[in-house]
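**Q** Structure file final16.tsv (TSV, C-alpha atoms) right here:
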chain	number	residue	atom	x	y	z
K	504	MET	CA	8.24	-18.53	-16.79
K	505	GLN	CA	7.25	-17.25	-20.21
K	506	PRO	CA	3.61	-16.70	-21.17
K	507	GLN	CA	2.33	-19.89	-22.72
K	508	ALA	CA	1.02	-20.24	-26.24
K	509	GLN	CA	-2.65	-19.71	-26.81
K	510	SER	CA	-5.00	-22.63	-26.97
K	511	GLY	CA	-7.51	-23.07	-29.74
K	512	THR	CA	-10.21	-21.08	-27.98
K	513	VAL	CA	-9.81	-17.33	-27.59
K	514	GLY	CA	-11.36	-17.13	-24.13
K	515	ILE	CA	-9.77	-20.24	-22.62
K	516	ASN	CA	-6.20	-21.14	-21.91
K	517	GLN	CA	-4.21	-23.32	-19.56
K	518	CYS	CA	-2.28	-22.61	-16.40
K	519	PRO	CA	1.37	-22.36	-17.52
K	520	LEU	CA	2.40	-24.46	-14.51
K	521	CYS	CA	-0.16	-27.27	-14.22
K	522	ILE	CA	-2.13	-26.95	-17.52
K	523	MET	CA	-5.43	-26.61	-15.66
K	524	GLU	CA	-7.96	-25.02	-17.99
K	525	ILE	CA	-8.74	-21.40	-17.14
K	526	LYS	CA	-11.59	-19.38	-18.59
K	527	GLY	CA	-10.92	-15.83	-19.64
K	528	ASP	CA	-14.37	-14.27	-19.51
K	529	ASP	CA	-14.30	-10.59	-18.57
K	530	ARG	CA	-10.57	-10.59	-17.79
K	531	VAL	CA	-8.40	-7.49	-17.87
K	532	GLU	CA	-4.69	-7.29	-18.68
K	533	GLY	CA	-2.73	-7.16	-15.44
K	534	GLU	CA	-5.40	-9.01	-13.51
K	535	VAL	CA	-4.12	-11.44	-10.93
K	536	LEU	CA	-5.87	-14.76	-10.44
K	537	THR	CA	-5.21	-17.98	-8.60
K	538	CYS	CA	-5.15	-21.27	-10.47
K	539	ASP	CA	-7.72	-23.71	-9.06
K	540	GLY	CA	-5.42	-26.59	-9.97
K	541	CYS	CA	-2.11	-25.68	-8.37
K	542	SER	CA	-2.87	-22.43	-6.47
K	543	ALA	CA	-0.23	-20.57	-8.49
K	544	GLU	CA	-0.65	-16.82	-8.70
K	545	LEU	CA	-1.10	-15.97	-12.37
K	546	GLU	CA	-1.24	-12.71	-14.25
K	547	VAL	CA	-3.35	-12.09	-17.34
K	548	VAL	CA	-0.86	-10.83	-19.93
K	549	GLY	CA	-3.25	-10.84	-22.90
K	550	VAL	CA	-6.99	-11.05	-23.30
K	551	SER	CA	-7.63	-11.63	-26.97
K	552	PRO	CA	-6.59	-14.36	-27.01
K	553	LEU	CA	-6.30	-15.07	-23.30
K	554	ARG	CA	-2.67	-15.45	-22.27
K	555	LEU	CA	-1.46	-16.20	-18.76
K	556	ALA	CA	1.94	-16.06	-17.11
K	557	GLU	CA	3.20	-16.81	-13.65
K	558	ALA	CA	2.75	-13.56	-11.70
K	559	PRO	CA	6.05	-11.68	-11.33
K	560	GLU	CA	7.93	-11.47	-8.09
K	561	VAL	CA	6.96	-8.58	-5.85
K	562	GLU	CA	9.14	-5.54	-6.49
K	563	GLU	CA	10.99	-3.91	-3.63
K	564	ASP	CA	8.91	-0.71	-3.75
K	565	TRP	CA	5.51	-2.40	-3.98
K	566	GLY	CA	3.13	-2.08	-1.10
K	567	GLU	CA	0.44	-0.02	0.49
Q	245	MET	CA	-21.65	9.92	-18.50
Q	246	ARG	CA	-19.02	10.23	-15.80
Q	247	LYS	CA	-15.55	9.05	-16.60
Q	248	LEU	CA	-12.34	8.51	-14.68
Q	249	ASP	CA	-9.06	6.71	-15.13
Q	250	LEU	CA	-7.82	3.96	-12.86
Q	251	VAL	CA	-4.07	3.30	-12.79
Q	252	TYR	CA	-2.93	-0.04	-11.43
Q	253	THR	CA	0.09	-2.31	-11.25
Q	254	ARG	CA	-1.78	-5.57	-10.96
Q	255	LEU	CA	-5.54	-5.86	-11.01
Q	256	ARG	CA	-5.94	-7.49	-7.62
Q	257	THR	CA	-9.13	-8.20	-5.71
Q	258	GLU	CA	-9.10	-4.60	-4.47
Q	259	GLU	CA	-8.95	-3.08	-7.95
Q	260	ARG	CA	-11.58	-5.52	-9.21
Q	261	MET	CA	-13.93	-4.47	-6.42
Q	262	LEU	CA	-13.28	-0.79	-7.11
Q	263	LEU	CA	-13.93	-1.31	-10.80
Q	264	ASP	CA	-17.22	-3.06	-10.06
Q	265	ALA	CA	-18.28	-0.33	-7.60
Q	266	LEU	CA	-17.53	2.41	-10.13
Q	267	ARG	CA	-19.24	0.66	-13.04
Q	268	LYS	CA	-22.27	0.02	-10.83
Q	269	ARG	CA	-22.51	3.81	-10.56
Q	270	ASP	CA	-22.56	4.21	-14.35
Q	271	CYS	CA	-19.01	5.46	-14.42
Q	272	VAL	CA	-16.84	4.74	-17.44
Q	273	VAL	CA	-13.44	3.60	-16.20
Q	274	GLY	CA	-10.32	3.88	-18.31
Q	275	LEU	CA	-7.92	1.17	-17.16
Q	276	HIS	CA	-4.17	1.79	-17.36
Q	277	GLN	CA	-1.46	-0.59	-16.23
Q	278	ASP	CA	1.33	1.58	-14.83
Q	279	ALA	CA	4.05	-0.29	-16.75
Q	280	ASP	CA	2.38	0.61	-20.06
Q	281	LEU	CA	2.18	4.36	-19.43
Q	282	VAL	CA	4.71	6.58	-21.16
Q	283	LEU	CA	3.93	10.24	-20.51
Q	284	SER	CA	5.61	13.33	-21.85
Q	285	LEU	CA	6.94	15.84	-19.33
Q	286	ASP	CA	4.76	18.78	-20.27
Q	287	ARG	CA	1.30	20.19	-19.67
Q	288	LYS	CA	-0.42	18.42	-22.55
Q	289	PRO	CA	-3.46	16.47	-21.28
Q	290	TRP	CA	-2.95	12.72	-21.32
Q	291	THR	CA	-6.63	11.77	-21.04
Q	292	ASP	CA	-10.06	13.27	-21.62
Q	293	SER	CA	-11.25	12.44	-18.11
Q	294	GLN	CA	-10.82	14.79	-15.18
Q	295	LEU	CA	-9.92	12.37	-12.42
Q	296	VAL	CA	-7.41	9.61	-11.83
Q	297	LEU	CA	-7.79	6.99	-9.13
Q	298	MET	CA	-4.18	6.02	-8.46
Q	299	ARG	CA	-3.93	2.36	-7.48
Q	300	SER	CA	-0.39	1.66	-8.59
Q	301	MET	CA	1.26	-0.28	-5.78
Q	302	SER	CA	4.71	0.76	-6.95
Q	303	PHE	CA	5.94	3.74	-4.96
Q	304	THR	CA	8.33	4.75	-7.73
Q	305	ARG	CA	5.79	4.59	-10.52
Q	306	SER	CA	2.86	6.06	-8.59
Q	307	ARG	CA	4.66	9.15	-7.32
Q	308	TYR	CA	6.06	10.03	-10.74
Q	309	LEU	CA	2.83	9.22	-12.58
Q	310	ALA	CA	0.75	11.26	-10.12
Q	311	ALA	CA	3.12	14.22	-10.41
Q	312	MET	CA	3.10	14.10	-14.20
Q	313	MET	CA	-0.67	13.71	-14.39
Q	314	GLU	CA	-1.20	16.65	-12.06
Q	315	VAL	CA	0.97	18.88	-14.26
Q	316	LYS	CA	-1.12	17.66	-17.19
Q	317	GLY	CA	-4.30	18.85	-15.48
Q	318	SER	CA	-5.65	15.68	-13.89
Q	319	ARG	CA	-7.03	15.57	-10.39
Q	320	VAL	CA	-5.29	12.54	-8.88
Q	321	VAL	CA	-6.52	10.66	-5.80
Q	322	ASN	CA	-4.32	10.15	-3.84
Q	323	GLY	CA	-2.22	13.01	-5.15
Q	324	SER	CA	1.52	13.18	-5.59
Q	325	ARG	CA	2.09	14.92	-2.27
Q	326	ALA	CA	0.35	12.19	-0.31
Q	327	ILE	CA	2.15	9.43	-2.22
Q	328	THR	CA	5.56	11.06	-1.89
Q	329	THR	CA	5.02	11.59	1.82
Q	330	CYS	CA	3.44	8.24	2.70
Q	331	GLY	CA	5.88	6.23	0.60
Q	332	ASP	CA	8.82	7.50	2.61
Q	333	LYS	CA	8.64	6.72	6.32
Q	334	VAL	CA	10.93	9.60	7.25
Q	335	GLN	CA	8.78	12.09	5.36
Q	336	THR	CA	5.63	10.57	6.88
Q	337	THR	CA	7.01	10.86	10.40
Q	338	LEU	CA	8.10	14.44	9.79
Q	339	ALA	CA	4.67	15.40	8.43
Q	340	LEU	CA	2.97	13.84	11.44
Q	341	ALA	CA	5.43	15.49	13.82
Q	342	ALA	CA	4.87	18.86	12.16
Q	343	SER	CA	1.18	18.47	12.99
Q	344	ASP	CA	1.99	17.65	16.63
Q	345	LEU	CA	0.42	14.21	16.46
Q	346	PRO	CA	1.34	11.62	19.09
Q	347	LEU	CA	4.08	9.33	17.70
Q	348	PRO	CA	6.60	6.79	18.89
Q	349	TRP	CA	9.95	8.57	19.13
Q	350	ALA	CA	12.13	8.03	16.10
Q	351	PHE	CA	15.47	9.15	14.75
Q	352	VAL	CA	17.44	8.92	11.53
Q	353	GLY	CA	21.15	8.19	11.30
Q	354	PHE	CA	23.62	7.81	8.45
Q	355	GLU	CA	26.51	5.90	9.99
Q	356	GLU	CA	26.78	2.68	12.00
Q	357	ASP	CA	28.64	3.82	15.10
Q	358	ALA	CA	26.55	6.96	15.51
Q	359	CYS	CA	23.34	4.91	15.29
Q	360	VAL	CA	24.51	2.21	17.73
Q	361	SER	CA	25.58	4.91	20.16
Q	362	GLU	CA	22.20	6.65	19.98
Q	363	ILE	CA	20.27	3.38	20.36
Q	364	THR	CA	22.40	2.44	23.37
Q	365	ARG	CA	21.74	5.84	24.91
Q	366	ARG	CA	17.96	5.45	24.42
Q	367	GLY	CA	17.83	1.78	25.42
Q	368	PHE	CA	16.78	-1.53	23.87
Q	369	PRO	CA	14.65	-2.83	22.25
Q	370	VAL	CA	14.12	-0.58	19.25
Q	371	VAL	CA	12.67	-1.09	15.78
Q	372	MET	CA	14.60	-0.44	12.58
Q	373	LYS	CA	12.66	0.07	9.36
Q	374	PRO	CA	13.63	0.68	5.77
Q	375	VAL	CA	12.69	4.20	4.74
Q	376	VAL	CA	10.87	2.82	1.69
Q	377	GLY	CA	9.07	-0.47	2.02
Q	378	SER	CA	5.82	-2.06	2.94
Q	379	TRP	CA	4.11	-5.19	4.23
Q	380	GLY	CA	6.52	-5.37	7.16
Q	381	ARG	CA	9.45	-6.31	4.96
Q	382	MET	CA	12.91	-5.76	6.45
Q	383	VAL	CA	11.45	-4.38	9.66
Q	384	ALA	CA	13.61	-5.60	12.53
Q	385	ARG	CA	13.46	-5.47	16.30
Q	386	LEU	CA	16.89	-4.87	17.81
Q	387	ASP	CA	17.05	-6.39	21.27
Q	388	SER	CA	20.75	-6.07	22.04
Q	389	PRO	CA	23.90	-4.13	21.11
Q	390	SER	CA	25.23	-7.09	19.12
Q	391	ALA	CA	22.01	-7.32	17.10
Q	392	ALA	CA	22.16	-3.57	16.47
Q	393	GLU	CA	25.78	-3.75	15.34
Q	394	GLY	CA	25.03	-6.65	12.98
Q	395	LEU	CA	21.95	-5.17	11.37
Q	396	LEU	CA	23.36	-1.67	11.11
Q	397	SER	CA	26.51	-3.08	9.59
Q	398	MET	CA	24.34	-4.69	6.91
Q	399	ARG	CA	22.30	-1.52	6.51
Q	400	PHE	CA	25.38	0.59	5.78
Q	401	GLY	CA	27.55	-2.08	4.16
Q	402	THR	CA	25.18	-3.13	1.39
Q	403	GLY	CA	23.03	-1.36	-1.18
Q	404	SER	CA	23.56	2.11	-2.54
Q	405	ALA	CA	23.74	5.58	-0.98
Q	406	GLN	CA	19.96	5.93	-0.83
Q	407	ASP	CA	19.79	2.75	1.28
Q	408	HIS	CA	22.32	4.06	3.78
Q	409	VAL	CA	19.74	5.62	6.04
Q	410	ALA	CA	18.73	4.04	9.35
Q	411	LEU	CA	15.24	4.87	10.57
Q	412	VAL	CA	15.06	3.78	14.19
Q	413	GLN	CA	11.80	3.89	16.09
Q	414	GLN	CA	10.69	3.32	19.64
Q	415	TYR	CA	9.52	-0.25	20.23
Q	416	ILE	CA	5.95	-0.20	21.50
Q	417	ASP	CA	4.91	-3.15	23.62
Q	418	LYS	CA	1.48	-3.60	22.07
Q	419	PRO	CA	-1.29	-5.64	23.68
Q	420	GLY	CA	-1.14	-8.27	20.90
Q	421	HIS	CA	-2.69	-6.08	18.24
Q	422	ASP	CA	-2.60	-2.75	16.49
Q	423	LEU	CA	-5.40	-0.68	15.02
Q	424	ARG	CA	-6.09	0.47	11.50
Q	425	VAL	CA	-8.53	3.26	10.68
Q	426	TYR	CA	-9.67	3.71	7.10
Q	427	VAL	CA	-10.07	7.29	5.97
Q	428	VAL	CA	-12.00	7.99	2.78
Q	429	GLY	CA	-12.45	11.72	3.01
Q	430	SER	CA	-13.36	11.07	6.65
Q	431	ALA	CA	-12.91	8.06	8.93
Q	432	ILE	CA	-15.25	5.26	7.82
Q	433	GLY	CA	-14.27	2.43	10.18
Q	434	GLY	CA	-11.39	0.23	11.13
Q	435	ILE	CA	-9.95	-3.13	12.00
Q	436	ARG	CA	-7.88	-4.54	14.83
Q	437	ARG	CA	-4.94	-6.59	13.53
Q	438	ARG	CA	-4.08	-9.36	15.95
Q	439	SER	CA	-0.92	-11.45	15.87
Q	440	GLU	CA	1.30	-13.46	18.17
Q	441	HIS	CA	4.18	-11.86	16.31
Q	442	TRP	CA	5.16	-8.29	17.14
Q	443	ILE	CA	4.73	-7.38	13.46
Q	444	THR	CA	0.99	-7.06	12.88
Q	445	ASN	CA	0.64	-6.70	9.11
Q	446	THR	CA	-2.16	-8.81	7.62
Q	447	ALA	CA	0.26	-9.40	4.73
Q	448	ARG	CA	2.41	-11.17	7.34
Q	449	GLY	CA	-0.38	-13.32	8.72
Q	450	ALA	CA	-2.06	-11.11	11.30
Q	451	THR	CA	-5.79	-11.70	11.55
Q	452	ALA	CA	-8.25	-8.85	11.22
Q	453	GLU	CA	-11.05	-8.25	13.69
Q	454	ARG	CA	-13.88	-5.78	13.66
Q	455	TYR	CA	-13.12	-2.64	15.61
Q	456	GLU	CA	-15.61	0.03	16.52
Q	457	VAL	CA	-13.58	3.18	16.04
Q	458	PRO	CA	-14.10	5.62	18.90
Q	459	ALA	CA	-14.43	9.30	18.01
Q	460	SER	CA	-10.99	10.09	19.45
Q	461	HIS	CA	-9.30	7.50	17.19
Q	462	ALA	CA	-11.30	8.70	14.17
Q	463	LYS	CA	-10.23	12.25	14.81
Q	464	LEU	CA	-6.59	11.23	15.17
Q	465	ALA	CA	-6.73	9.27	11.90
Q	466	GLU	CA	-8.30	12.20	10.07
Q	467	GLN	CA	-5.61	14.52	11.44
Q	468	ALA	CA	-2.93	12.08	10.27
Q	469	ALA	CA	-4.50	11.89	6.81
Q	470	ALA	CA	-4.60	15.68	6.61
Q	471	ALA	CA	-0.97	15.91	7.75
Q	472	VAL	CA	0.21	13.87	4.75
Q	473	GLY	CA	-2.33	15.31	2.31
Q	474	GLY	CA	-4.08	11.96	1.93
Q	475	GLU	CA	-7.71	11.58	0.95
Q	476	ILE	CA	-7.97	7.77	0.88
Q	477	VAL	CA	-5.58	6.28	3.40
Q	478	ALA	CA	-5.24	3.62	6.08
Q	479	VAL	CA	-3.84	5.00	9.31
Q	480	ASP	CA	-2.08	2.51	11.56
Q	481	LEU	CA	-2.36	3.28	15.26
Q	482	LEU	CA	-0.38	1.70	18.09
Q	483	GLU	CA	-1.94	1.23	21.46
Q	484	THR	CA	0.41	1.15	24.41
Q	485	ARG	CA	-0.16	-1.04	27.46
Q	486	GLY	CA	-0.96	2.21	29.26
Q	487	GLY	CA	-3.75	3.00	26.83
Q	488	ASP	CA	-2.06	5.81	24.90
Q	489	ILE	CA	-2.71	5.89	21.15
Q	490	LEU	CA	0.17	6.72	18.80
Q	491	VAL	CA	0.18	7.15	15.02
Q	492	ASN	CA	2.57	4.67	13.45
Q	493	GLU	CA	2.16	4.82	9.67
Q	494	VAL	CA	-0.12	6.15	6.96
Q	495	ASN	CA	-0.71	4.00	3.87
Q	496	HIS	CA	-1.70	5.62	0.60
Q	497	CYS	CA	-2.60	2.57	-1.52
Q	498	VAL	CA	-5.08	0.99	0.84
Q	499	GLU	CA	-5.46	-2.78	0.77
Q	500	PHE	CA	-8.63	-4.34	2.12
Q	501	ALA	CA	-9.14	-7.72	0.45
Q	502	ARG	CA	-7.99	-9.66	3.53
Q	503	SER	CA	-10.13	-7.68	5.96
Q	504	ILE	CA	-13.32	-6.59	4.21
Q	505	GLU	CA	-15.30	-9.66	5.17
Q	506	VAL	CA	-14.46	-9.30	8.85
Q	507	SER	CA	-14.74	-5.55	9.06
Q	508	GLY	CA	-17.98	-5.37	7.15
Q	509	ILE	CA	-16.94	-1.95	5.90
Q	510	PRO	CA	-17.83	-1.55	2.19
Q	511	ILE	CA	-14.55	0.23	1.44
Q	512	PRO	CA	-14.79	0.02	-2.38
Q	513	GLU	CA	-18.27	1.53	-2.24
Q	514	HIS	CA	-17.01	4.36	-0.03
Q	515	ILE	CA	-14.09	4.99	-2.37
Q	516	ALA	CA	-16.35	4.98	-5.44
Q	517	ASP	CA	-18.74	7.45	-3.80
Q	518	TYR	CA	-15.85	9.64	-2.70
Q	519	VAL	CA	-14.10	9.89	-6.07
Q	520	LEU	CA	-17.37	10.43	-7.93
Q	521	GLY	CA	-18.15	13.16	-5.40
Q	522	VAL	CA	-14.83	14.77	-6.29
Q	523	LEU	CA	-15.78	14.56	-9.98
Q	524	SER	CA	-19.15	16.24	-9.58
Show me this structure written as C-alpha cells.
**A**
Amino acid sequence: MQPQAQSGTVGINQCPLCIMEIKGDDRVEGEVLTCDGCSAELEVVGVSPLRLAEAPEVEEDWGE
Amino acid sequence: MRKLDLVYTRLRTEERMLLDALRKRDCVVGLHQDADLVLSLDRKPWTDSQLVLMRSMSFTRSRYLAAMMEVKGSRVVNGSRAITTCGDKVQTTLALAASDLPLPWAFVGFEEDACVSEITRRGFPVVMKPVVGSWGRMVARLDSPSAAEGLLSMRFGTGSAQDHVALVQQYIDKPGHDLRVYVVGSAIGGIRRRSEHWITNTARGATAERYEVPASHAKLAEQAAAAVGGEIVAVDLLETRGGDILVNEVNHCVEFARSIEVSGIPIPEHIADYVLGVLS
C-alpha cells in the first residue's frame, strides 16, 4: 500500500485503508498508530503534511 | 541543557514513553529513524550529543549503527557488544556459559544427520531455535525422531549458509509460565509470563502477571546482563518443576508496552534516569 495523498489540512489525513480521519498533532516520522476505524497498524511517513501508510511487514531480524 | 540521540525503527508505544520520560526531565532528544541514517566509516563525530539510546529493533541495523557510533565517539546504550551478543542466541549462550550461569543444555550442529544423532542420544523432546530471531518465531519443539528429521531437513535444505546452523536446547517442562527480570543498571522488577502454550512470549499471546523478584533471581539477572555487557536488558528465566532457575535468553531492546500496566514498574522512567545518569 502506497502512502496516500495529503488532504487539505496539514495536520489531518485519512487512513489509507478505511479513510477514517486521523489527526496528526505531535506525530513523529516512523511512529506507529492504530486506526480507530479499521484497527489497521499505520506508520507516519510524513508530518508536514501528515502522511500515513500501512505499517510494513515485520522484518526477519526485528525483535527484542 | 542535556541532550541525547534516540535511534528507532518504528516509534512504538515504548519509544513514545521513553521520549516523554526524557523530555519530562528537560532532555533534548534527537530522533533518528534507523533507515534514514547513513554514516561514514571513520572517527568523525556524527552528532553533537554524547549519548545514544539505541532502540532500533533491527538486529542488523542496531549492531552496525552502535559499532559505527562508538568509533565516532558516542556512548551507546546498549552498546555494540551487548547487541551483537544478545542478537545471536549462540553468542548469548556462550557468554552466559563463560560466566558459569545455570542454563538449559544446548548444542550447535551444522548437518542434519549429526544433529538428529545427537538429539536421539540426548532424548526427546528438545527445542530448536533460529540463531537470530525474536518473539518466538520459528522456535520449534521436536517431540520425535520424525519431527526432528523433518525440521532439520528444512533447516539445512533452505536458506543460505548463515541459516544452516541448528541451535538445539534442552526442553524445560515449565510450570505454565516463565519469568522475566528487567535490568536497568540493576534489577528493577519483573513479570511472570503465563501461557497454556509452551512458548511464553507476550508477543505470542502470553499474559503478564506481577512478580516480586526475589534477591536470588535479581542477582542471577544482573549476572546475566553483565555476562553479555548489557545495561538495559530483559533477562528471561526458566523455572523447572523442581524449582531450579535457569537463564534462557537476554533481550537487548526491551519491550514493555504489553506488561507495564500489570507489572506497575515504571520502566521508561527507570531508563530515562539511567541514561541521564550516564550522561552526567
**Q** Which distance in Å separates atom CA of Ser439 of chain Q and atom CA of Lys373 of chain Q, to one decimal?
**A**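 Spanning atom CA of Ser439 of chain Q to atom CA of Lys373 of chain Q is a straight-line distance of 19.0 Å.
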**Q** Considering all atoms listed in the file, extract the chain Q residues located within 8 Å of chain K and return them as a PDB file with C-alpha atoms, in the frame of the given file.
**A**
ATOM      1  CA  THR Q 253       0.090  -2.310 -11.250  1.00  0.00           C
ATOM      2  CA  ARG Q 254      -1.780  -5.570 -10.960  1.00  0.00           C
ATOM      3  CA  LEU Q 255      -5.540  -5.860 -11.010  1.00  0.00           C
ATOM      4  CA  ARG Q 256      -5.940  -7.490  -7.620  1.00  0.00           C
ATOM      5  CA  THR Q 257      -9.130  -8.200  -5.710  1.00  0.00           C
ATOM      6  CA  GLN Q 277      -1.460  -0.590 -16.230  1.00  0.00           C
ATOM      7  CA  MET Q 301       1.260  -0.280  -5.780  1.00  0.00           C
ATOM      8  CA  SER Q 302       4.710   0.760  -6.950  1.00  0.00           C
ATOM      9  CA  PHE Q 303       5.940   3.740  -4.960  1.00  0.00           C
ATOM     10  CA  THR Q 304       8.330   4.750  -7.730  1.00  0.00           C
ATOM     11  CA  VAL Q 376      10.870   2.820   1.690  1.00  0.00           C
ATOM     12  CA  GLY Q 377       9.070  -0.470   2.020  1.00  0.00           C
ATOM     13  CA  SER Q 378       5.820  -2.060   2.940  1.00  0.00           C
ATOM     14  CA  TRP Q 379       4.110  -5.190   4.230  1.00  0.00           C
ATOM     15  CA  ASN Q 495      -0.710   4.000   3.870  1.00  0.00           C
ATOM     16  CA  HIS Q 496      -1.700   5.620   0.600  1.00  0.00           C
ATOM     17  CA  CYS Q 497      -2.600   2.570  -1.520  1.00  0.00           C
ATOM     18  CA  VAL Q 498      -5.080   0.990   0.840  1.00  0.00           C
ATOM     19  CA  GLU Q 499      -5.460  -2.780   0.770  1.00  0.00           C
TER      20      GLU Q 499
END
**Q** Pick the closest to Ala384 of chain Q from Q:Val370, Q:Ala339, Q:Ala279, Q:Met312: which is it, counting only C-alpha atoms?
**A** Q:Val370
**Q** If we count all atoms listed in the file, what is near segment 427-430 of chain Q at a cut-off of 7 Å, once residues fewer than 5 positions away on the same chain are taken out, given as a PyMOL selection string?
**A** chain Q and resi 466+475-478+514-515+518
**Q** Rank nothing, just name the residue among Q:Thr337, Q:Val472, Q:Arg365, Q:Ala447 nearest to Leu490 of chain Q, using all atoms listed in the file.
**A** Q:Thr337
**Q** Point out the residue among Q:Arg381, Q:Ala465, Q:Leu285, Q:Glu355 with the least atom-to-atom distance to Met398 of chain Q, counting only C-alpha atoms.
**A** Q:Glu355
**Q** In Å to one decimal, how far is atom CA of Ser343 of chain Q from atom CA of Thr484 of chain Q?
**A**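 Separation of atom CA of Thr484 of chain Q and atom CA of Ser343 of chain Q: 20.8 Å.
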**Q** I want to know what sits within 10 Å of Asp407 of chain Q, based on all atoms listed in the file, with residues of the same chain fewer than 5 positions away left out; could you give that as a PyMOL selection string?
**A** chain Q and resi 354+374-376+399-402
**Q** Please identify all polymer residues within 8 Å of Arg319 of chain Q, counting all atoms listed in the file, omitting same-chain residues fewer than 6 positions from it, and present them as a PyMOL selection string.
**A** chain Q and resi 294-296+313
**Q** At what distance in Å, to one decimal, does atom CA of Lys247 of chain Q lie from atom CA of Val272 of chain Q?
**A** 4.6 Å
**Q** Taking (-0.6, -11.7, 13.3) in the coordinates of the supplied file, I want to know which residues reach to within 7 Å of it, counting all atoms listed in the file; could you give the answer as a PyMOL selection string?
**A** chain Q and resi 437-441+443-446+448-451
**Q** Counting only C-alpha atoms, which residues sit no farther than 8 Å from the position (-1.2, 14.6, -18.3) in the file's frame? I'd like them as JSON, numbers by chain.
**A** {"Q": [283, 284, 286, 287, 288, 289, 290, 291, 312, 313, 314, 315, 316, 317, 318]}
**Q** Identify, on the basis of all atoms listed in the file, every residue whose closest approach to Ser388 of chain Q does not exceed 10 Å; exclude the query and any residue fewer than 5 positions from it along the same chain; express the result as an MDAnalysis selection string.
**A** chainID Q and resid 363:364 367:370 393
**Q** Excluding Ile525 of chain K and residues on its chain fewer than 4 positions from it, collect all residues at most 6 Å away from it, counting only C-alpha atoms, and give them as a PyMOL selection string.
**A** chain K and resi 515-517
